[in-house]
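Here the structure comes first, spelled out in structure tokens, and everything after it is commentary.
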Amino acid sequence: MLIGVTAFFRDARAFNYLQDELKHYLKSKENKVIRVWTPGCSTGEEPYSIAIILSEILGQTIEEYKIQIFATDIDKRAVEFARNGVYPESALQNLPDKIKRKYFTVDGEHFQVIKPVKSMVIFSVHDLTVDPPFLRLDLLSCRNLLIYFNLELQRQILPVFHYALNPRGLLFLGQSESIGVFQETFRSLSKSGKIFEANFLGKKVPPERNKSRRSLVDFVQDMPTEKAQRSSAAKKSVDTLGDLITRKTRELMLPYAILVNDNLDIVYSQGKNPLLVRPEGLPTNNIYQNIHPSLAIDLRSSLHLLDSGQSIAHSPFQKMVIKEETSWARLILIDIEHQAGMGHLILIFCQIENVLDLPITQVEGGESNQALFKEQERQLLKTKEQLQTVIEELETSNEEMQSMNEELQSSNEELQSSNEELETTNEELQSTNEELQTAYSELRVAYEDKDRQQMELERLANELEKTNTLLMDAETLGKTGSFRWNVPVNTMEWSQGVYRLLGLEIENYQPTYEALVGLVYSDDRKIFEDFIDNVLSRKHAESITFRAWNSEKQNIWLKLEVAVSFNSLKQAQYVMGTVTDITQLTGTQNELQHHKGMVEALSSTLGSIYIFDFDLGHISYVNQHYSATFGYTQGDFKEHNLEDFMKLIHSDDRTKVQEHFAKVKNSNLGEVFNINFRFKPKNGEGYLEIQSKDTLLKRNEGETQQPHAMLCVLSE
């Protein structure tokens, strides 16, 4: 009796049904008082579950209601545990996280029920079999307790439950429990959820309860004989003429009658009814199982007519063989209103007639009508056979469900026995609890380390983000981008710089080698493909300059630099590279080359020309005519400074030349200055008399505008 097998929302599907029925019940409830009783509450999970359901149903309006949930048990220790409302984490493992967060608070390693829920539940020690019940109840939840009672004790307890409940109050039983023979006092609302409604049977009278043998008085008081005699005389005087007519009608015309209740179980049978057939297997009082099979479909149709509002229904006559004679039988169903102590009843008269006693109906139309009648009769019989087949299949599935229920009941007993084994392992679990505490401390330390690692990862992620930003900025400023080509699977990954150079969108373009080749200018495509082949075949080719098309169909110059990684078979695995936009640089170089050609062409007509760089302090350029005349090349002056250059001038002319250089240096662009001086050629021993026309060629950019170079044109 003290087995504490319980859990929060044990059998969640049944609690879902209970929540739906409670919603309907509370909508029609007139007052704001809700009273609930959960006998055999054990450690309190069940009453707390009901309190949570009420909180979910009522929501913000719960403050308007006065809720009392009486939770009782005979185990004082279980009641004390339940009153605290503190449970280990294992007790809540099947609860949704939403329910945990909403109705429980963390108390160390345990979970505690919140105060609003605890305030609804009142715990007390109570003996269901002896102590008086709680009254005026809206809900009585007694789950998985009656299975431990014998049949006699169950028949004592269920009337107590009915007496304690309000009219239409709800009774919530366990999956392996039922109301037994008390079909008239309870109406089933949910067969799957085992939820019943208390029927109102008039004035409530406290049920008689058997007292224990120790409280019985050791004598029996005799009943007065005078009262018994008066009762016998009154009974004899009842035989009036009306009773005589009723009795004779019942005996001669309708001798066979059946009374069934709301569950279609036979509660009374009159006469030796040949239409009642006791089926094979387990005994049952269900009318469909006991009525003659030929009348089962007609019975079902007639019951449907009663359900639709008719007070009486007749079934058609059916031809059948009864006691080796052909007879015609039908059923007459009469709806009987709710009777105190008996509930709603249906009276079924079984009328059996000999075929010769039935009137013969003349059919117009002769043989054709008779043939039509037979065809319709044949189709009707065929339809009935099909319906009967469907009914038998449904009954078979019902029997299978009953057998499954029996298996579940037997498995429940096995679970009960395994509970003892679980209790024995509880001590082992408690012994390992200290080890878990130690492990918990280690986990906490590891968790702190994880936090530090997380912070470090966040820091590295921020640095990586900054690096990526710098890389993107660098690619933008340098007009460059990078890529990675997986050669075996032919997939490419481009940086944002490559997409930016080619003017493509990342979402709409999938990079591949073929797609890249398609962007190369048609005249450079062969050179590009040969370059890639050389790279993949380990030939020394590291960069290439080619033209390509961008998204605006503009021709741009790109410089490709690659590095290749090979596998152990010396096959190309990955190709990494950078792409740089050199369109502007290429244009500048072409322009410089063009200008250089123009300078060369002009210098060949003007004579000997050299350019003196004031910043470098030596001659930075000489034309071919200068080299041919004086023997000096541009390379000869790279190591010379101004002092070395002056040594090539006649000593008498050096001061004049230095002053001339200073005058040109401080002049304006475009001014021309002439000077004559003697200059020593490279392969000659004497000096040549030359005339020089000099002008300031360029000034440095910036605010100071310092002179940069001087252009000198010489003639002999």
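By order of appearance in the structure tokens: chains A, B, ..., then residues from 1 within every chain, and ligands from 1 in the order shown.
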
Considering only C-alpha atoms, return as number ranges by chain whatever protein or nucleic-acid residues lie within 9 Å of region 686-697 of chain A, sequence-local ones (same chain, fewer than 3 positions apart) excluded.
A: 611, 648-650, 661, 664-681, 707-716

Quick one: residues within 8 Å of Gly271 (chain A), only C-alpha atoms counted, chain neighbours fewer than 5 positions away excluded, as number ranges by chain?
A: 255-257

Next, dump the selected residues to file, keeping only N, CA, C and O atoms, as a PDB file, in the first residue's frame.
ATOM      1  N   PRO A 255     -43.747 -11.527 -24.222  1.00  0.00           N
ATOM      2  CA  PRO A 255     -43.150 -12.203 -23.038  1.00  0.00           C
ATOM      3  C   PRO A 255     -41.655 -11.954 -22.883  1.00  0.00           C
ATOM      4  O   PRO A 255     -41.098 -12.208 -21.828  1.00  0.00           O
ATOM      5  N   TYR A 256     -41.033 -11.464 -23.934  1.00  0.00           N
ATOM      6  CA  TYR A 256     -39.575 -11.310 -23.874  1.00  0.00           C
ATOM      7  C   TYR A 256     -39.227  -9.823 -23.862  1.00  0.00           C
ATOM      8  O   TYR A 256     -39.567  -9.097 -24.789  1.00  0.00           O
ATOM      9  N   ALA A 257     -38.536  -9.401 -22.793  1.00  0.00           N
ATOM     10  CA  ALA A 257     -38.128  -7.991 -22.654  1.00  0.00           C
ATOM     11  C   ALA A 257     -36.709  -7.925 -22.093  1.00  0.00           C
ATOM     12  O   ALA A 257     -36.271  -8.804 -21.340  1.00  0.00           O
TER      13      ALA A 257
END

Excluding region 486-498 of chain A and any residue of its chain fewer than 6 positions from it, enumerate the residues within 6 Å of it, using only C-alpha atoms, and give them as a PyMOL selection string.
chain A and resi 475+480+511-512+573-574

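Closest approach to Leu282 (chain A) among A:Ile258, A:Arg101, A:Gln402, A:Thr655 is made by A:Gln402 (distances from only C-alpha atoms).
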
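For the pair CA of Asp75 (chain A) and CA of Leu128 (chain A), the interatomic distance is 11.9 Å.
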
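Neighbouring residues of region 384-400 of chain A at 9 Å or closer, counting only C-alpha atoms and skipping chain neighbours under 6 positions away, are Pro293, Ser294, Ala296 and Ile297 of chain A.
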
Have a look at CA of Gln112 (chain A) and CA of Tyr87 (chain A) and let me know their distance in Å, one decimal.
6.3 Å

Quick one: of A:Val535, A:Ala329, A:Ala313, A:Leu347, who's nearest to Ile287 (chain A), counting only C-alpha atoms?
A:Leu347

Counting only C-alpha atoms, the option among A:Asn641, A:Arg484, A:Arg500, A:Val657 closest to Met576 (chain A)
A:Arg484

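Look at region 22-30 of chain A: the protein and nucleic acid residues within 10 Å of it, using only C-alpha atoms and passing over chain neighbours fewer than 2 places away, are Asn16, Tyr17, Leu18, Gln19, Asp20, Lys32, Val33, Ile34, Ile53, Leu54, Ile57, Leu58, Asp138, Leu139, Arg168, Gly169 and Leu170 of chain A.
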
Deliver the residues from the most recent selection as a file, using C-alpha atoms, as a PDB file, in the first residue's frame.
ATOM      1  CA  ASN A  16      -4.012  16.348 -21.973  1.00  0.00           C
ATOM      2  CA  TYR A  17      -7.525  14.868 -22.001  1.00  0.00           C
ATOM      3  CA  LEU A  18      -8.031  16.063 -18.423  1.00  0.00           C
ATOM      4  CA  GLN A  19      -6.980  19.609 -19.377  1.00  0.00           C
ATOM      5  CA  ASP A  20      -9.522  19.651 -22.228  1.00  0.00           C
ATOM      6  CA  LYS A  32     -15.299  30.864  -8.584  1.00  0.00           C
ATOM      7  CA  VAL A  33     -14.515  28.068  -6.102  1.00  0.00           C
ATOM      8  CA  ILE A  34     -12.591  25.027  -7.326  1.00  0.00           C
ATOM      9  CA  ILE A  53      -2.901  22.513 -15.332  1.00  0.00           C
ATOM     10  CA  LEU A  54      -5.316  24.883 -13.556  1.00  0.00           C
ATOM     11  CA  ILE A  57      -6.119  27.040 -18.079  1.00  0.00           C
ATOM     12  CA  LEU A  58      -6.967  30.119 -15.984  1.00  0.00           C
ATOM     13  CA  ASP A 138     -15.179  19.550  -8.810  1.00  0.00           C
ATOM     14  CA  LEU A 139     -12.464  17.008  -9.553  1.00  0.00           C
ATOM     15  CA  ARG A 168     -21.231  16.718 -13.250  1.00  0.00           C
ATOM     16  CA  GLY A 169     -18.010  16.630 -11.226  1.00  0.00           C
ATOM     17  CA  LEU A 170     -15.043  14.856 -12.839  1.00  0.00           C
TER      18      LEU A 170
END

Glu529 (chain A) environment, 12 Å, only C-alpha atoms, sequence neighbours closer than 4 positions dropped, as number ranges by chain
A: 513-514, 516-518, 520-525, 533-536, 544, 546

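The residue that comes closest to Ile619 (chain A), out of A:Phe637, A:Tyr148, A:Phe15, A:Trp549 and on the basis of only C-alpha atoms, is A:Phe637.
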